[in-house]
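Written out below as structure tokens is the structure these notes cover.
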Amino acid sequence: MELFAGVPGWLAKKAFPRIDCVIALSPSWAKALNSTCGFRKLVVLNNPVEAKDPAPRTARDPVLLFLGKLEQRKGYTDLIHAFGRVLESIPRATLVMAGHGDIAGARAAARKLGIS
């Protein structure tokens with residue numbers, strides 16, 4: 001599992017058995033953590049998302065939604081650049097990016113392309 005890739009085996013064997021409870025942010029993470037580490041107690045606490053009422057849209061206004069951490073390995077800047085190309089042919093399209101991470105970088109990339 002990538003999460004523990006840099007943890008030395010001896011440290012994991014000493015530390016993991018001492019953990020009272022592990023909180024996973026999704027059932028899939030819980031499954032991966034449990035199969036990798038076999039924690040005694042593992043609970044799922046789903047990621048909270050603040051839901052707001054969106055402005056009404058018509059079927060002609062496509063919306064692309066990105067939910068996740070804004071980090072390079074997830075390709076969020078590639079998505080912003082690609083969306084700039086989408087707007088050339090679908091000018092009423094909207095890209096919504098929700099998550100945490102490099103929010104300032106995402107805003108800057110959109111500003112640079114003129115698609116804030």
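Chain identifiers are assigned as A, B, and so on, following the order in which chains appear in the structure tokens; residues are numbered from 1 within each chain, and ligands are numbered from 1 in order of appearance.
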Tell me which protein, DNA and RNA residues are within 7 Å of Leu70 (chain A), counting only C-alpha atoms, leaving out same-chain ones fewer than 3 positions away, and put them as a VMD selection string. chain A and resid 74 76 99 to 103
Save out the residues we just selected, N, CA, C and O atoms, as an mmCIF file, in the first residue's frame.
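Resulting contents of part-v1.cif:
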data_model
loop_
_atom_site.group_PDB
_atom_site.id
_atom_site.type_symbol
_atom_site.label_atom_id
_atom_site.label_comp_id
_atom_site.auth_asym_id
_atom_site.auth_seq_id
_atom_site.Cartn_x
_atom_site.Cartn_y
_atom_site.Cartn_z
ATOM 1 N N LYS A 74 -2.466 13.705 -8.885
ATOM 2 C CA LYS A 74 -3.850 13.496 -9.318
ATOM 3 C C LYS A 74 -4.159 14.248 -10.605
ATOM 4 O O LYS A 74 -5.245 14.139 -11.142
ATOM 5 N N TYR A 76 -4.494 17.527 -11.326
ATOM 6 C CA TYR A 76 -5.479 18.615 -11.331
ATOM 7 C C TYR A 76 -5.098 19.742 -12.293
ATOM 8 O O TYR A 76 -5.976 20.343 -12.920
ATOM 9 N N GLY A 99 -12.187 20.120 -2.879
ATOM 10 C CA GLY A 99 -11.238 19.310 -2.144
ATOM 11 C C GLY A 99 -10.259 20.190 -1.397
ATOM 12 O O GLY A 99 -10.488 21.369 -1.205
ATOM 13 N N HIS A 100 -9.170 19.584 -1.007
ATOM 14 C CA HIS A 100 -8.140 20.324 -0.293
ATOM 15 C C HIS A 100 -6.819 20.112 -1.018
ATOM 16 O O HIS A 100 -6.755 19.384 -1.989
ATOM 17 N N GLY A 101 -5.802 20.790 -0.565
ATOM 18 C CA GLY A 101 -4.496 20.683 -1.218
ATOM 19 C C GLY A 101 -4.097 22.026 -1.795
ATOM 20 O O GLY A 101 -4.306 23.070 -1.180
ATOM 21 N N ASP A 102 -3.582 22.009 -3.008
ATOM 22 C CA ASP A 102 -3.038 23.214 -3.632
ATOM 23 C C ASP A 102 -4.134 24.054 -4.287
ATOM 24 O O ASP A 102 -4.167 24.232 -5.508
ATOM 25 N N ILE A 103 -5.019 24.589 -3.471
ATOM 26 C CA ILE A 103 -6.124 25.403 -3.972
ATOM 27 C C ILE A 103 -5.591 26.673 -4.637
ATOM 28 O O ILE A 103 -6.046 27.063 -5.714
#
Using only C-alpha atoms, find the one residue out of A:Ile115, A:Ala30, A:Val44, A:Ile23 that sits nearest to Ala93 (chain A).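 Of all the options, A:Ile115 lies closest to Ala93 (chain A).
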Counting only C-alpha atoms, figure out which residue out of A:Pro62, A:Ala98, A:Gly105, A:Ser26 gets nearest to Val86 (chain A).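 Counting only C-alpha atoms, the residue closest to Val86 (chain A) is A:Pro62.
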Give me the residues near Cys21 (chain A) as a PyMOL selection string, where near means some atom within 9 Å (using only C-alpha atoms) and where sequence neighbours in that chain fewer than 4 positions away do not count. chain A and resi 39-43
